[in-house]
Structure formats: structure tokens, C-alpha cells
Amino acid sequence: MAKKKRKKLAVMKPAPKSEIKAFLEAIKPVKPDDEFSYQCSLCGDCCRNVKEAVMLESLDVFRIARYFSKIGNPMQAIEEILTEYTTPVPLTDLGYPIFLLNTTGPNDECVFLKSGKCSVQPAKPRTCRLYPLSVEPNDSEDSFNYVIVSQKQHHFTGPKIRVGDWMADNFSAEDREFTLMEYKLAGELGRLMRKLKEKGVDDRRMLFPIMLYKYFDFDLDAPFMPQYRENIETLKSALTGLIKG
């Protein structure tokens, strides 16, 4: 079977101002002791109209690849999953790469939505697992700020759920450690990439180690976080070497 070529970084089109305004108005900060009403009706609505809205992080892809291996899906390699189900895009003007989940059909449905149900439910991405909540690291300490996204009002019915309990069930210790490290790494890589740009290093030489060590170079039979920590140190050393070279 011929090896698929890696996709080139795509260019994201800015969302209409009306969509941005509606999204921002639907976001509300919450605290662990706050409560919200929520009942999943298995309608699949939160999996539709999600074009360029769901980022797959390296931990997400690792879990999906392991899940595919468990159920016997022939597409088990991380590189195959990223090629088939995502589009790489630059997050910043420096070209910092991220992978956005592909969508399909007139309703821009998630590619993993099959017959109205999530086909990767046991390994679905963190963004989906935490919905309708989201998190971001707190700048002042190793903790998190929480927000609730209430765009789809019909989801907010049913029993009261405590924010802290929802996060305890859906945001594991592995998720927490990874998210904190990714947040700190983004700033470090940004500084290194800027120095490489100033030095005139070719984009391909700069992006290759980032893609390799952040996404591709993982053994699915070994725990994720030890590999991730080692890869990040190797990545920073590789970029530093390009600056000095």
C-alpha cells in the first residue's frame, strides 16, 4: 500500500464577526462549586457545525490510535490518523502547527460521527469530553480556570451538576499534567521559533522536529506522559541546536 503524503499546513479563514460575537457571548466563567443543568440526549448536535472548531492535541491522537488498535481498526498509526482525519494549520504568525479535526457533509459534521453517534466515544478528544465546559491553565499557578459554553441552550436541561464533579469525572490527572505542560511549552517554543525566524532558518527545518516530537514519535504500547516529557526535552534541544548551528 502506498504511503500517504503528509498534508501541508493549510490557511484558516477567519470566522465571521457575528459568529465570533455569538461564541464569546455564550462563554461564562464558572468555579468548581458552581452548578449547571445538563443532559446529554445523544442527539449528536454538538458534533455538527464544528468546522475548524476542534483541535486534536497529541494526547488525543495517541488515545484514538490506541483505541483503534484495541478494536482492530486497520488505521492505527498516529501519522495515518492525522493524515486522514485532521488538517494541519498554523496557529501563529510563526507557523506554530496544530491539527484541526476534519468535518464532512453540509452540516460540517465531525468525521468521527457515524450514524448519529461518536465512533471514538471511549477515546474522544478532551474538547468533546469536557463539553459543555472548557479549561485553561491559570497564569499565576499550576491550576485551571473553567468556563461553560452555552451556545446550544437545549442541552442545558436535566439534573444539576457540580462543575468540580464534572471535571473530576472527565479531566484526568494525565489530562491535567499534559495541559499544563502544553501551555508552558507554547511560550517556550514561540520564543525559540522567533529566534529561528530571525536567524533565517528554513521553515521546514524548524517545523519537522516540532511535528515529529510533539505528535508522531510515540510508542502506543508505552505510557504517554513519560514519552511526552522526553520528546519535549529532545525537541527543545533540537531547536536550540538549529539556533546555534
# chains A, B, ... in the order shown; residues from 1 in each chain; ligands from 1

$ select_by_dssp --residues "range 17-146 of chain A" --states "alpha helix (DSSP H)" --output "ChimeraX atom specification"
/A:17-25,58-71,78-85,126-130

$ select_by_dssp --residues "range 9-196 of chain A" --states "strand (DSSP E)" --output "count of residues only"
41

$ atom_distance --atom1 "CA of Glu177 in chain A" --atom2 "CA of Pro132 in chain A"
21.1 Å

$ residues_around --residues "Pro137 in chain A" --least-positions-apart "3" --cutoff "10 Å" --atoms "only C-alpha atoms" --output "list in words"
Ser140, Glu141, Asp142, Ser143, Phe144, Asn145, Tyr146, Arg176, Thr179, Leu180, Met181, Glu182, Tyr183 and Lys184 of chain A

$ closest_residue --among "A:Cys110, A:Val61, A:Met206, A:Leu94" --to "Glu80 in chain A" --atoms "only C-alpha atoms"
A:Val61

$ residues_around --residues "range 38-55 of chain A" --least-positions-apart "3" --cutoff "8 Å" --atoms "only C-alpha atoms" --output "list in words"
Met12, Ile98, Phe99, Leu100, Leu101, Asn102, Thr103, Asn107, Asp108, Glu109, Cys110, Leu113, Gly116, Lys117, Cys118, Thr127, Lys152, His155, Phe156, Thr157, Gly158, Pro159, Lys160 and Ile161 of chain A

$ atom_distance --atom1 "CA of Leu189 in chain A" --atom2 "CA of Leu239 in chain A"
8.6 Å
